[in-house]
Amino acid sequence: MEARTKGNLKKTGGIILNVILWIFVIFCVLVTVVAFSANGNAKGVPTVGGKCFLNVQTGSMDASLPEWVPDGKPAGFSAGSMIVGEYIADSAEKIDALEVGDVITFEWDITGDGRIQPGESNTHRIVSIERNASGTVVSVKTQGDNTEYSKGQTETVSRSAIIARYTGTKIAGLGAVMTFLSSRLGFGLCILLPLLLFFVYEIIVFVRAVMKVRGEDKKLISAEDEEMIRRAAVEEYIRRQAEQDAKSSADGKDAAGDSGEKAGDENKK
């Protein structure tokens with residue numbers, strides 16, 4: 001009974017471990033998809049299903065919602081968060097529908113080297129919009145909610161630099177994790193290495209299962225069975241020897257009879 005209980009616990013533990021490992025594999029696949037999706041659009045940002053997944057690097061939006069912001073507009077977010085935006089770079093209609101108070105992601109020279117690299121962006125709130133006579137957005141001015149961080153400075157963002165509009169969805173802390181996982185060290189250490197170990201583990205489990213099945217197919221012979229087999233073999237040997245001796249004796253008698261008949265025939269002649 002105790003052995004059966006231990007066996008059940010071991011089996012349950014194995015199932016739980018496999019579930020955890022497969023959840024991790026799914027997470028790794030999702031991370032990989034998000035990371036490589038940045039190569040699928042002109043702005044170089046991770047996009048899946050029309051949504052951008054962006055990692056917040058600074059605290060420029062970490063503040064209470066400004067009083068002047070219209071109702072219904074999203075609040076800010078802290079550094080290390082992951083925010084979800086609607087990718088609008090290729091939609092003229094959605095860019096023209098932007099309003100003051102919206103939070104947008106736009107191309108920006110974060111490093112200050114005079115060039116905007118793919119994926120180099122910033123996310124701030126629109127404080128004013130410049131439109132032409134037909135109502136088309138020409139450019140917008142943005143500012144971080146945390147005025148102490150940004151020192152009250154604004155950015156003039158051209159229409160062509162606009163990437164996404166923040167939806168209000170955020171996950172605190174996940175951005176910092178994703179930033180690390182996006183690095184070569186993080187991706188190799190936390191994604192590639194565990195995946196390799198996982199597949200090695202699955203191969204070992206598979207091989208052990210195959211060996212176990214093969215072992216169960218082999219019938220184990222007890223000492224009693226072995227003795228019975230030996231006795232049957234000896235009896236079979238004795239029986240065959242007896243049959244062979246009987247046949248040899250019969251063949252000898254037949255040969256003697258034939259010789260006597262031949263001798264009789266000669267005497268008659």
# chains A, B, ... in the order shown; residues from 1 in each chain; ligands from 1
$ residues_around --residues "range 64-80 of chain A" --least-positions-apart "4" --cutoff "8 Å" --atoms "only C-alpha atoms" --output "list in words"
Asn55, Val56, Gln57, Thr58, Gly59, Ser60, Val100, Gly101, Asp102, Val103, Asp145, Tyr166, Thr167, Gly168, Lys170, Ala172, Gly173, Leu174, Gly175, Ala176 and Val177 of chain A
$ residues_around --residues "Ile110 in chain A" --least-positions-apart "6" --cutoff "10 Å" --atoms "only C-alpha atoms" --output "ChimeraX atom specification"
/A:116-117,120-122
$ closest_atom_pairs --of "range 74-150 of chain A" --to "range 39-52 of chain A" --cutoff "12 Å" --atoms "only C-alpha atoms" --output "CSV"
residue,atom,partner,partner_atom,distance
A:Met82,CA,A:Cys52,CA,9.9
A:Ile83,CA,A:Cys52,CA,8.0
A:Val84,CA,A:Cys52,CA,5.5
A:Gly85,CA,A:Cys52,CA,4.8
A:Glu86,CA,A:Lys51,CA,4.8
A:Tyr87,CA,A:Gly50,CA,5.5
A:Ile88,CA,A:Gly50,CA,8.3
A:Ala89,CA,A:Lys43,CA,8.0
A:Asp90,CA,A:Ala42,CA,9.2
A:Ser91,CA,A:Gly50,CA,11.1
A:Ile104,CA,A:Cys52,CA,11.2
A:Thr105,CA,A:Cys52,CA,9.5
A:Phe106,CA,A:Lys43,CA,9.1
A:Glu107,CA,A:Lys43,CA,7.8
A:Trp108,CA,A:Lys43,CA,11.1
A:Ile116,CA,A:Lys43,CA,10.3
A:Gln117,CA,A:Gly44,CA,8.6
A:Pro118,CA,A:Gly44,CA,4.9
A:Gly119,CA,A:Gly44,CA,4.5
A:Glu120,CA,A:Gly44,CA,8.0
A:Ser121,CA,A:Val45,CA,8.6
A:Asn122,CA,A:Val45,CA,11.4
A:Thr123,CA,A:Cys52,CA,11.9
$ select_by_dssp --residues "range 93-222 of chain A" --states "alpha helix (DSSP H)" --output "number ranges by chain"
A: 93-96, 147-150, 174-182, 184-187, 193-217
$ residues_around --residues "range 146-159 of chain A" --least-positions-apart "4" --cutoff "7 Å" --atoms "only C-alpha atoms" --output "ChimeraX atom specification"
/A:60-63,137-142
$ closest_atom_pairs --of "range 166-240 of chain A" --to "range 15-19 of chain A" --cutoff "12 Å" --atoms "only C-alpha atoms" --output "CSV"
residue,atom,partner,partner_atom,distance
A:Phe198,CA,A:Asn18,CA,9.6
A:Phe199,CA,A:Asn18,CA,11.5
A:Tyr201,CA,A:Asn18,CA,10.1
A:Glu202,CA,A:Asn18,CA,9.1
A:Val205,CA,A:Asn18,CA,10.5
$ select_by_dssp --residues "range 79-159 of chain A" --states "strand (DSSP E or B)" --output "number ranges by chain"
A: 82-87, 103-107, 121-131, 137-143, 155-158
$ atom_distance --atom1 "CA of Gln143 in chain A" --atom2 "CA of Phe180 in chain A"
26.9 Å
$ residues_around --residues "Cys28 in chain A" --least-positions-apart "4" --cutoff "10 Å" --atoms "only C-alpha atoms" --output "list in words"
Trp22, Ile23, Phe24, Thr32, Val33, Val34, Leu181, Phe187, Cys190, Ile191, Leu192, Pro194 and Leu195 of chain A
